[in-house]
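First up is the structure itself, then whatever we jot down about it.
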Amino acid sequence: MIEFNDVCKSYRVARRESGLGNAIKSLFKREYSTINAINHISFSIDDGEMVGYIGPNGAGKSTTIKILSGILTPDSGNCVVNGQIPWKDRKEYTRQISVVFGQRSQLWWDIPVVDSFELLQAIYSIPAPRYHNKLEELTQLLHLEELLKTPTRQLSLGQRMRCEIAASLLHEPKLLFLDEPTIGLDAVSKIAVRDFIKKMNEEHKTTVILTTHDMQDIEAIAKRVILIGKGQKLMDGTLEDLRLEAESIESENESSETDIDHIIAHLYAKLNIM
Amino acid sequence: MKKYYCFFKLRFSTGIQYRMASVTALTTQLIWGLMECLAYKAIAEASGGNLPMNYSSIVTYIWLKEALFVLFNTWAADNDLFAMIANGDIAYELCRPVSIYSMWFSRTVGARIAGAIMRCIPVLLCAFLMPKAYRMTLPVNRVSFWLFLLTLFLALGITVTFCMLVYMLCFFTISPQGWRMVLTGAVDFLSGNIIPLPFFPKKYLFLLELSPFSYMQNVPFRIYSGDLVGGEAYQCILKQVFWLVTLMLLGIVLWKRAEKRIIIQGG
């Protein structure tokens with residue numbers, strides 16, 4: 001389904017020292033440095049898999065998602081998803097995928113949620129009966145009855161995120177990318193979102209790729225975990241593998257934390273990717 | 001096609017949602033229009049009626065300008081789109097099976113038509129009820145009315161394709177401020193939004209007629225008021241079509257270049 005092969009992407013960042021003098025200097029001469037957001041990363045993912053994509057902030061997770069969803073063009077490397085190259089024919093490719101960015105909103109700010117949904121129906125040319133069935137299903141599973149008629153701006157974060165996820169599934173994508181879907185949510189909403197994603201995967205065989213910092217998300221959803229740091233792939237296996245790896249490092253250490261966040265923090269520290 | 005119509009429709013319905021804004025805008029437009037009429041009346045009386053446009057055409061021009069203000073002002077370009085480019089929300093737009101250019105074009109057109117409809121009916125109503133000296137007139141004849149409608153849409157198209165260029169340039173500079181200040185300020189003046197173009201000195205007018213700016217609101221308003229007629233009017237329509245196509249192609253080329261080097265701001 002997904003073949004991600006030896007992909008690199010770098011950004012050019014303008015940098016300067018603090019202070020007015022340096023700000024003026026940079027008007028004339030600008031110093032750039034290149035950041036390798038992802039550096040020769042390869043992996044492949046099968047149909048119907050649920051994969052957690054983890055790593056510290058700035059590791060290159062979002063960049064990977066953006067390349068996979070056709071938004072960014074990589075500097076080098078191959079990527080084939082369902083026989084298509086994401087950034088080549090973006091319009092055609094994006095019909096079968098969906099992305100949820102936890103920190104952004106795809107719903108129109110000042111109109112009722114259901115109007116945004118209808119716009120999506122038009123964008124993806126979803127036939128009316130299919131749209132209504134899907135909407136009904138999503139409404140029940142995510143408890144949206146009350147929310148649909150409310151303008152997006154008056155929803156709480158948790159309510160909005162449920163609507164965002166519903167919005168991204170209206171066109172029944174084969175592939176769903178979730179970029180920190182549970183960021184800022186309370187326990188109830190988190191659990192609702194996780195259960196829902198699992199259900200979607202079981203019922204519709206939707207392939208899910210999820211980035212998160214919340215290790216409980218990973219525990220609940222992902223059978224397979226890919227760990228990256230500083231733009232490089234460091235591990236690819238089950239959550240159990242990750243734990244074992246962490247423990248082997250841990251054994252040299254006197255602390256014996258069992259909390260998953262501590263284990264991961266140690267792992268990041270030991271792998272020197274912070 | 002249907003999806004682009006939906007963008008239009010959605011922006012349209014958002015545009016007519018804020019009623020209070022329309023009422024306050026109406027007051028501004030009326031007072032502003034009346035003030036302009038007074039100024040031109042003073043000029044007309046002082047110059048003994050020796051003006052490049054006749055006084056009643058000027059009054060009609062002013063009221064049309066005030067009524068359809070939202071259709072043509074370039075400085076009120078869609079702020080959501082600028083914000084989207086600057087903060088990275090463009091990411092969502094990019095993962096949809098739509099052409100960004102067509103989508104933004106239709107939503108800008110939708111927003112402008114909605115705004116214009118909300119304002120033009122009450123402003124025009126008042127303009128027709130003004131005391132005689134400040135009253136708007138009906139179009140000179142039926143042909144000029146239809147030509148007015150046609151050129152109005154062409155002019156809107158040119159204005160929006162021009163705004164599209166400004167959006168696209170922001171992909172290269174991130175901050176929209178610089179482009180917007182320079183371009184929209186210039187357009188405001190050069191398209192006849194401040195003073196009607198016939199008032200410009202002849203030798204500059206000649207230069208101006210080589211630019212797209214004189215084919216925006218200038219053409220429909222002067223056709224309606226009978227200032228622009230016959231062969232000259234038809235020539236203007238051809239030039240409008242030329243500029244519409246040219247600016248659109250330019251915008252699309254710019255977009256293709258921006259698309260390749262796009263960076264999503266803010267992670």
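Residues are referred to by chain and number: the chain letter is A, B, ... according to the order shown in the structure tokens, the number counts from 1 in that chain, and ligands are numbered separately from 1 in the order shown.
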message: For region 29-36 of chain A, find every residue with an atom within 9 Å (counting only C-alpha atoms), except residues of its own chain fewer than 5 positions away, and show them as a ChimeraX atom specification.
response: /A:8-16,60,230-231
message: Distance cut-off 10 Å, counting only C-alpha atoms - which residues of chain B neighbour chain A? Return them as an MDAnalysis selection string.
response: chainID B and resid 1:7 9:11 13:14 17 87:100 103 259:264 266:267
Near region 240-251 of chain B, counting only C-alpha atoms, which residues have an atom at most 12 Å away, once you skip same-chain residues fewer than 5 positions from it, shown as a short mmCIF file (atom, residue, chain, number, x, y, z; two decimals) with N, CA and C atoms, in the first residue's frame?
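Output file around.cif follows:
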```cif
data_model
loop_
_atom_site.label_atom_id
_atom_site.label_comp_id
_atom_site.auth_asym_id
_atom_site.auth_seq_id
_atom_site.Cartn_x
_atom_site.Cartn_y
_atom_site.Cartn_z
N ILE B 100 -6.48 24.66 -6.43
CA ILE B 100 -6.43 25.77 -5.49
C ILE B 100 -6.86 27.07 -6.19
N TYR B 101 -6.38 27.24 -7.41
CA TYR B 101 -6.70 28.48 -8.10
C TYR B 101 -8.21 28.65 -8.27
N SER B 102 -8.85 27.60 -8.80
CA SER B 102 -10.30 27.70 -9.04
C SER B 102 -11.06 27.85 -7.74
N TRP B 104 -10.06 29.18 -4.85
CA TRP B 104 -9.92 30.53 -4.27
C TRP B 104 -10.61 31.57 -5.14
N PHE B 105 -10.57 31.34 -6.43
CA PHE B 105 -11.24 32.26 -7.34
C PHE B 105 -12.73 32.26 -7.03
N LEU B 150 -22.84 43.05 -18.56
CA LEU B 150 -21.76 42.22 -19.11
C LEU B 150 -20.40 42.72 -18.65
N THR B 151 -20.18 44.02 -18.81
CA THR B 151 -18.86 44.57 -18.45
C THR B 151 -18.65 44.54 -16.94
N LEU B 152 -19.75 44.60 -16.20
CA LEU B 152 -19.64 44.51 -14.74
C LEU B 152 -19.01 43.18 -14.35
N PHE B 153 -19.50 42.09 -14.97
CA PHE B 153 -18.96 40.78 -14.64
C PHE B 153 -17.52 40.62 -15.12
N LEU B 154 -17.24 41.15 -16.30
CA LEU B 154 -15.86 41.09 -16.78
C LEU B 154 -14.94 41.87 -15.84
N ALA B 155 -15.41 43.03 -15.41
CA ALA B 155 -14.60 43.87 -14.52
C ALA B 155 -14.37 43.15 -13.19
N LEU B 156 -15.41 42.48 -12.69
CA LEU B 156 -15.25 41.72 -11.45
C LEU B 156 -14.21 40.63 -11.65
N GLY B 157 -14.28 39.95 -12.80
CA GLY B 157 -13.31 38.91 -13.12
C GLY B 157 -11.90 39.45 -13.11
N ILE B 158 -11.69 40.61 -13.72
CA ILE B 158 -10.35 41.19 -13.77
C ILE B 158 -9.87 41.54 -12.36
N THR B 159 -10.78 42.13 -11.56
CA THR B 159 -10.40 42.49 -10.19
C THR B 159 -10.00 41.26 -9.40
N VAL B 160 -10.79 40.19 -9.53
CA VAL B 160 -10.50 38.99 -8.75
C VAL B 160 -9.22 38.31 -9.24
N THR B 161 -9.02 38.24 -10.55
CA THR B 161 -7.76 37.62 -11.03
C THR B 161 -6.57 38.45 -10.56
N PHE B 162 -6.78 39.75 -10.43
CA PHE B 162 -5.70 40.58 -9.91
C PHE B 162 -5.44 40.24 -8.44
N CYS B 163 -6.49 40.11 -7.65
CA CYS B 163 -6.32 39.70 -6.25
C CYS B 163 -5.62 38.35 -6.16
N MET B 164 -5.95 37.46 -7.09
CA MET B 164 -5.33 36.14 -7.09
C MET B 164 -3.82 36.26 -7.24
N LEU B 165 -3.39 37.21 -8.07
CA LEU B 165 -1.95 37.44 -8.23
C LEU B 165 -1.34 37.85 -6.89
N VAL B 166 -2.05 38.71 -6.17
CA VAL B 166 -1.53 39.15 -4.87
C VAL B 166 -1.44 37.95 -3.91
N TYR B 167 -2.47 37.09 -3.91
CA TYR B 167 -2.40 35.89 -3.05
C TYR B 167 -1.18 35.06 -3.40
N MET B 168 -1.00 34.85 -4.70
CA MET B 168 0.08 33.96 -5.14
C MET B 168 1.45 34.53 -4.78
N LEU B 169 1.58 35.85 -4.90
CA LEU B 169 2.86 36.46 -4.56
C LEU B 169 3.20 36.24 -3.08
N GLU B 209 -4.41 53.37 -20.06
CA GLU B 209 -5.25 52.50 -20.87
C GLU B 209 -4.50 51.29 -21.40
N LEU B 210 -3.18 51.29 -21.20
CA LEU B 210 -2.40 50.10 -21.56
C LEU B 210 -2.35 49.10 -20.41
N SER B 211 -2.84 49.49 -19.26
CA SER B 211 -2.80 48.61 -18.09
C SER B 211 -4.17 47.98 -17.86
N PRO B 212 -4.23 46.91 -17.05
CA PRO B 212 -5.55 46.31 -16.80
C PRO B 212 -6.44 47.18 -15.93
N PHE B 213 -5.85 48.14 -15.23
CA PHE B 213 -6.62 48.87 -14.21
C PHE B 213 -7.78 49.68 -14.78
N SER B 214 -7.60 50.19 -16.00
CA SER B 214 -8.68 51.00 -16.55
C SER B 214 -9.81 50.14 -17.10
N TYR B 215 -9.67 48.81 -17.00
CA TYR B 215 -10.76 47.94 -17.46
C TYR B 215 -11.51 47.30 -16.31
N MET B 216 -11.27 47.81 -15.12
CA MET B 216 -12.04 47.31 -13.97
C MET B 216 -13.35 48.10 -13.89
N GLN B 217 -13.61 48.77 -12.80
CA GLN B 217 -14.92 49.42 -12.63
C GLN B 217 -15.17 50.56 -13.62
N ASN B 218 -14.12 51.15 -14.12
CA ASN B 218 -14.23 52.26 -15.05
C ASN B 218 -15.20 51.97 -16.21
N VAL B 219 -15.07 50.77 -16.79
CA VAL B 219 -15.85 50.47 -17.99
C VAL B 219 -17.35 50.35 -17.71
N PRO B 220 -17.78 49.44 -16.81
CA PRO B 220 -19.23 49.32 -16.62
C PRO B 220 -19.89 50.61 -16.13
N ALA B 233 -16.96 51.56 -26.59
CA ALA B 233 -17.42 50.64 -25.57
C ALA B 233 -17.09 49.20 -25.96
N TYR B 234 -17.35 48.86 -27.23
CA TYR B 234 -17.08 47.48 -27.67
C TYR B 234 -15.60 47.17 -27.64
N GLN B 235 -14.81 48.17 -27.97
CA GLN B 235 -13.36 47.98 -27.90
C GLN B 235 -12.93 47.66 -26.45
N LYS B 256 1.54 27.49 -10.12
CA LYS B 256 2.30 26.25 -10.41
C LYS B 256 3.70 26.35 -9.83
N ARG B 257 4.29 27.54 -9.91
CA ARG B 257 5.63 27.71 -9.36
C ARG B 257 5.61 27.67 -7.84
N ALA B 258 4.58 28.30 -7.25
CA ALA B 258 4.48 28.32 -5.79
C ALA B 258 4.26 26.91 -5.25
#
```
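Reported to one decimal place, the separation of CA of Thr211 (chain A) from CA of Asp179 (chain A) is 5.0 Å.
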Who sits within 12 Å of Leu26 (chain B), only C-alpha atoms, same chain under 3 positions skipped, as a list in words: Arg19, Met20, Ala21, Ser22, Val23, Gln29, Leu30, Ile31, Trp32, Gly33, Trp63, Glu66, Ala67, Leu68, Phe69, Val70, Gly115, Ala116, Ile117, Met118, Arg119, Cys120, Ile121, Pro122, Val123, Leu124, Leu125, Cys126 and Ala127 of chain B
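Looking only at region 172-233 of chain A, the set that DSSP places in strand (DSSP E) from backbone geometry is A:Leu175, A:Leu176, A:Phe177, A:Leu178, A:Asp179, A:Thr207, A:Val208, A:Ile209, A:Leu210, A:Thr211, A:Arg224, A:Val225, A:Ile226, A:Leu227, A:Ile228, A:Gly229, A:Gln232, A:Lys233.
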query: Mind pulling up the distance from CA of Ser156 (chain A) to CA of Tyr131 (chain A)?
result: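 CA of Tyr131 (chain A) sits 25.2 Å away from CA of Ser156 (chain A).
Checking A:Gly52, A:Ile191, A:Asn78, A:Ala59 one by one against Asp6 (chain A), counting only C-alpha atoms, you find the shortest gap at A:Asn78.
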field: Nearby residues (only C-alpha atoms) at most 12 Å from Tyr61 (chain B), same-chain spacing under 6 positions excluded, as number ranges by chain
entry: B: 33, 36-37, 40, 53-55, 67-69, 124, 127, 134-139, 148, 192-198, 217-228
field: B:Ala76, B:Ala133, B:Cys170, B:Ile113 ranked by distance to Ala44 (chain B), top pick (using only C-alpha atoms)
entry: B:Ala133
Write down as a compact mmCIF listing (two decimals) with C-alpha atoms, in the first residue's frame the residues belonging to region 29-213 of chain B that are assigned helix (DSSP H, G or I) by DSSP computed on the backbone.
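Output below, filename part.txt:
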```txt
# COMPACT_ATOMS: atom_id res chain seq x y z
CA GLN B 29 -21.59 54.59 1.72
CA LEU B 30 -24.48 57.06 1.70
CA ILE B 31 -22.60 59.80 3.50
CA TRP B 32 -19.50 59.25 1.43
CA GLY B 33 -21.44 59.27 -1.83
CA LEU B 34 -23.30 62.42 -0.90
CA MET B 35 -20.06 64.15 0.03
CA GLU B 36 -18.52 63.26 -3.32
CA CYS B 37 -21.61 64.54 -5.14
CA LEU B 38 -21.32 67.83 -3.28
CA ALA B 39 -17.66 68.16 -4.20
CA TYR B 40 -18.26 67.50 -7.90
CA LYS B 41 -21.25 69.88 -7.85
CA ALA B 42 -18.97 72.59 -6.54
CA ILE B 43 -16.37 71.81 -9.20
CA ALA B 44 -19.03 71.77 -11.93
CA GLU B 45 -20.43 75.15 -10.86
CA ALA B 46 -16.99 76.73 -10.55
CA TYR B 55 -22.37 66.27 -14.06
CA SER B 56 -25.28 63.82 -14.11
CA SER B 57 -22.95 61.06 -15.40
CA ILE B 58 -20.62 61.81 -12.51
CA VAL B 59 -23.42 61.51 -9.97
CA THR B 60 -24.51 58.18 -11.43
CA TYR B 61 -20.88 57.02 -11.51
CA ILE B 62 -20.49 57.91 -7.82
CA TRP B 63 -23.61 56.07 -6.73
CA LEU B 64 -22.72 52.98 -8.71
CA LYS B 65 -19.26 53.08 -7.19
CA GLU B 66 -20.68 53.33 -3.67
CA ALA B 67 -23.34 50.68 -4.26
CA PHE B 69 -17.97 49.17 -3.66
CA VAL B 70 -17.34 45.63 -2.35
CA LEU B 71 -17.19 44.19 -5.84
CA PHE B 72 -14.13 46.17 -6.82
CA ASN B 79 -7.94 37.91 4.78
CA ASP B 80 -8.61 34.24 5.49
CA LEU B 81 -6.51 33.32 2.49
CA PHE B 82 -3.58 35.51 3.56
CA ALA B 83 -3.80 34.04 7.04
CA MET B 84 -3.88 30.54 5.60
CA ILE B 85 -0.65 31.10 3.71
CA ALA B 86 1.10 32.76 6.65
CA ASN B 87 0.13 30.26 9.36
CA ILE B 90 -3.07 25.96 3.57
CA ALA B 91 -2.08 22.36 4.37
CA TYR B 92 -5.75 21.42 4.51
CA GLU B 93 -6.51 23.11 1.21
CA LEU B 94 -3.71 21.15 -0.40
CA ILE B 100 -6.43 25.77 -5.49
CA TYR B 101 -6.70 28.48 -8.10
CA SER B 102 -10.30 27.70 -9.04
CA MET B 103 -11.29 27.19 -5.43
CA TRP B 104 -9.92 30.53 -4.27
CA PHE B 105 -11.24 32.26 -7.34
CA SER B 106 -14.78 31.06 -6.74
CA ARG B 107 -14.74 31.84 -3.04
CA THR B 108 -13.47 35.38 -3.68
CA VAL B 109 -16.11 35.97 -6.32
CA GLY B 110 -18.77 34.58 -3.97
CA ALA B 111 -17.72 36.80 -1.09
CA ARG B 112 -17.70 39.88 -3.30
CA ILE B 113 -21.08 39.27 -4.88
CA ALA B 114 -22.64 38.57 -1.48
CA GLY B 115 -21.22 41.77 -0.03
CA ALA B 116 -22.31 43.77 -3.04
CA ILE B 117 -25.87 42.48 -3.01
CA MET B 118 -26.26 43.24 0.68
CA ARG B 119 -25.19 46.82 0.09
CA CYS B 120 -26.29 47.71 -3.39
CA ILE B 121 -30.05 47.40 -2.97
CA PRO B 122 -30.45 49.90 -0.11
CA VAL B 123 -27.76 52.24 -1.49
CA LEU B 124 -29.33 52.29 -4.95
CA LEU B 125 -32.78 52.77 -3.47
CA CYS B 126 -31.58 55.82 -1.57
CA ALA B 127 -29.65 57.07 -4.60
CA PHE B 128 -32.80 57.08 -6.70
CA LYS B 132 -32.82 66.02 -8.03
CA ALA B 133 -29.27 67.42 -8.11
CA TYR B 134 -27.86 64.31 -6.42
CA ARG B 142 -31.67 49.18 -22.81
CA VAL B 143 -28.51 48.28 -24.72
CA SER B 144 -26.36 50.23 -22.33
CA PHE B 145 -27.98 48.39 -19.41
CA TRP B 146 -27.12 44.97 -20.84
CA LEU B 147 -23.64 46.11 -21.76
CA PHE B 148 -23.32 47.42 -18.23
CA LEU B 149 -24.16 44.01 -16.77
CA LEU B 150 -21.76 42.22 -19.11
CA THR B 151 -18.86 44.57 -18.45
CA LEU B 152 -19.64 44.51 -14.74
CA PHE B 153 -18.96 40.78 -14.64
CA LEU B 154 -15.86 41.09 -16.78
CA ALA B 155 -14.60 43.87 -14.52
CA LEU B 156 -15.25 41.72 -11.45
CA GLY B 157 -13.31 38.91 -13.12
CA ILE B 158 -10.35 41.19 -13.77
CA THR B 159 -10.40 42.49 -10.19
CA VAL B 160 -10.50 38.99 -8.75
CA THR B 161 -7.76 37.62 -11.03
CA PHE B 162 -5.70 40.58 -9.91
CA CYS B 163 -6.32 39.70 -6.25
CA MET B 164 -5.33 36.14 -7.09
CA LEU B 165 -1.95 37.44 -8.23
CA VAL B 166 -1.53 39.15 -4.87
CA TYR B 167 -2.40 35.89 -3.05
CA MET B 168 0.08 33.96 -5.14
CA LEU B 169 2.86 36.46 -4.56
CA CYS B 170 2.41 35.91 -0.83
CA PHE B 171 3.65 32.35 -1.22
CA PHE B 172 7.01 33.85 -2.06
CA THR B 173 7.15 36.56 0.59
CA GLN B 177 1.68 43.45 3.93
CA GLY B 178 4.17 44.79 1.39
CA TRP B 179 2.45 43.55 -1.74
CA ARG B 180 -0.93 44.55 -0.50
CA MET B 181 0.03 48.10 0.41
CA VAL B 182 1.71 48.84 -2.87
CA LEU B 183 -0.57 47.01 -5.23
CA THR B 184 -3.92 47.73 -3.72
CA GLY B 185 -3.12 51.37 -3.12
CA ALA B 186 -2.10 51.77 -6.73
CA VAL B 187 -5.13 49.92 -8.05
CA ASP B 188 -7.49 52.00 -5.97
CA PHE B 189 -6.21 55.14 -7.61
CA LEU B 190 -5.59 53.82 -11.12
CA LEU B 197 -10.55 58.18 -15.05
CA PRO B 198 -11.72 60.85 -17.55
CA PHE B 199 -10.48 63.40 -15.01
CA LYS B 202 -4.79 63.01 -21.25
CA LYS B 203 -1.18 61.89 -21.62
CA TYR B 204 -1.29 59.79 -18.45
CA LEU B 205 -4.64 58.40 -19.41
CA PHE B 206 -3.07 57.00 -22.55
CA LEU B 207 -0.55 55.08 -20.44
CA LEU B 208 -3.22 53.96 -18.05
CA PRO B 212 -5.55 46.31 -16.80
CA PHE B 213 -6.62 48.87 -14.21
```
query: Of the candidates A:Gln216, A:Val7, A:Gly55, A:Leu157, which shows the shortest atom-to-atom distance to Ala269 (chain A), using only C-alpha atoms?
result: A:Gly55
